[in-house]
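Here's the structure, in structure tokens; my notes come after.
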Amino acid sequence: MIALAVIAAVVAMCAVAVSLWQAREAKNAQEAARAAHEAAARAQEEAGAARRAVEQATSSALQSKTAAEEARKGAEEARKAAAQAEEAATASRMLADEAQLTAAQATAQVNELTEVLAAERSRRGMPTFAITPGAPDEFRLSYFGGPAVIEQLTVSVVPGSRVLGLSQRDEPPAEHLDVGPLYNGSAITFRAATGQRASAVFQIRAEPWEPVVVRAD
């Protein structure tokens with residue numbers, strides 16, 4: 001009986017030891033499971049962060065691609081605008097050159113016509129006049145090649161010559177200026193309200209001869 005009791009006690013003690021070992025293993029397994037759960041949660045969070053980083057990188061890449069495309073389009077438009085501006089500048093220079101050539105030709109024709117008329121008037125014994133710029137806004141009218149004296153003549157503004165009015169002394173400028181008598185070989189000085197001497201053109205009428213247009217060179 002004693003032997004059986006001893007054996008039973010030993011078996012019981014073994015069972016208790018096994019139970020304690022199993023309990024310890026169960027506790028270790030529970031702690032390992034909790035650690036695994038926490039690691040899985042951290043891994044899930046890191047995966048989410050990585051996914052968000054990938055999404056942000058993809059969005060940034062798309063934005064960079066869009067910005068690069070817009071920059072390329074802007075550069076192309078700027079190049080086209082520069083080419084158009086260069087073409088416009090070339091056309092403007094050509095027009096300016098043509099206008100300058102036309103003006104020079106017109107000036108030459110006017111001067112030639114003036115010389116021809118002056119020669120014709122001198123040949124026919126008609127009065128000949130010349131106007132030259134003097135001081136600012138002053139012009140000198142010279143008379144030669146005609147009668148000894150002209151009792152009365154009228155100097156007038158020619159439309160389009162940018163001359164606003166004429167005066168000989170301190171009177172207000174007018175479109176017509178009556179002067180006389182004027183002796184052959186003499187000259188008078190008068191004022192013309194104009195800012196461009198090169199385009200100052202005047203009409204001179206002396207009875208009984210026809211009017212003549214004189215350019216102030």
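Naming scheme: A, B, ... for chains in displayed order of the structure tokens; residues 1 onward per chain; ligands 1 onward as shown.
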- Message: What parts of segment 14-195 of chain A does DSSP call helix (DSSP H, G or I)? I'd like the answer as an MDAnalysis selection string.
- Response: chainID A and resid 14:123
- Message: Counting only C-alpha atoms, which residue out of A:Leu20, A:Ala216, A:Ala15, A:Ile188 sits closest to Arg140 of chain A?
- Response: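 Among the listed residues, A:Ile188 lies closest to Arg140 of chain A.
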- Arg205 of chain A surroundings by only C-alpha atoms, 6 Å radius, close-in-sequence under 6 positions cut, as a list in words: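 With the cut-off at 6 Å, the set is Leu153, Thr154 and Pro211 of chain A.
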Would you mind exporting the chosen residues as a JSON list (two decimals), in the first residue's frame, restricted to N, CA, C and O atoms?
[["chain", "number", "residue", "atom", "x", "y", "z"],
["A", 153, "LEU", "N", 2.59, 141.38, -103.20],
["A", 153, "LEU", "CA", 2.57, 139.91, -103.37],
["A", 153, "LEU", "C", 2.04, 139.29, -102.08],
["A", 153, "LEU", "O", 2.08, 139.89, -101.00],
["A", 154, "THR", "N", 1.55, 138.06, -102.20],
["A", 154, "THR", "CA", 0.93, 137.35, -101.07],
["A", 154, "THR", "C", 1.61, 136.00, -100.90],
["A", 154, "THR", "O", 1.73, 135.22, -101.85],
["A", 211, "PRO", "N", 0.26, 132.08, -109.58],
["A", 211, "PRO", "CA", 0.94, 131.70, -108.32],
["A", 211, "PRO", "C", 2.03, 130.69, -108.57],
["A", 211, "PRO", "O", 2.01, 129.93, -109.54]]
- Query: If you measure from atom CA of Ala135 of chain A to atom CA of Leu164 of chain A, what distance in Å do you get, rounded to one decimal?
  - Reply: 17.3 Å
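Between Ser161 of chain A and the candidates A:Val11, A:Ala67, A:Ala192, A:Ala43, the tightest atom-to-atom separation, counting only C-alpha atoms, involves A:Ala192.
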- Query: Which one is closest to Ser156 of chain A: A:Gln203, A:Asn28, A:Ser19, A:Thr132? Count only C-alpha atoms.
  - Reply: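 Among the listed residues, A:Gln203 lies closest to Ser156 of chain A.
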- For Leu141 of chain A, the closest of A:Trp209, A:Ala9, A:Tyr183, A:Ala36 counting only C-alpha atoms is A:Tyr183
- Task: Name the residues of segment 42-211 of chain A that come out as strand (DSSP E) in a backbone DSSP run; write them as a ChimeraX atom specification.
- Result: /A:128-133,138-144,149-150,153-157,166-167,176-179,182-183,187-192,201-206
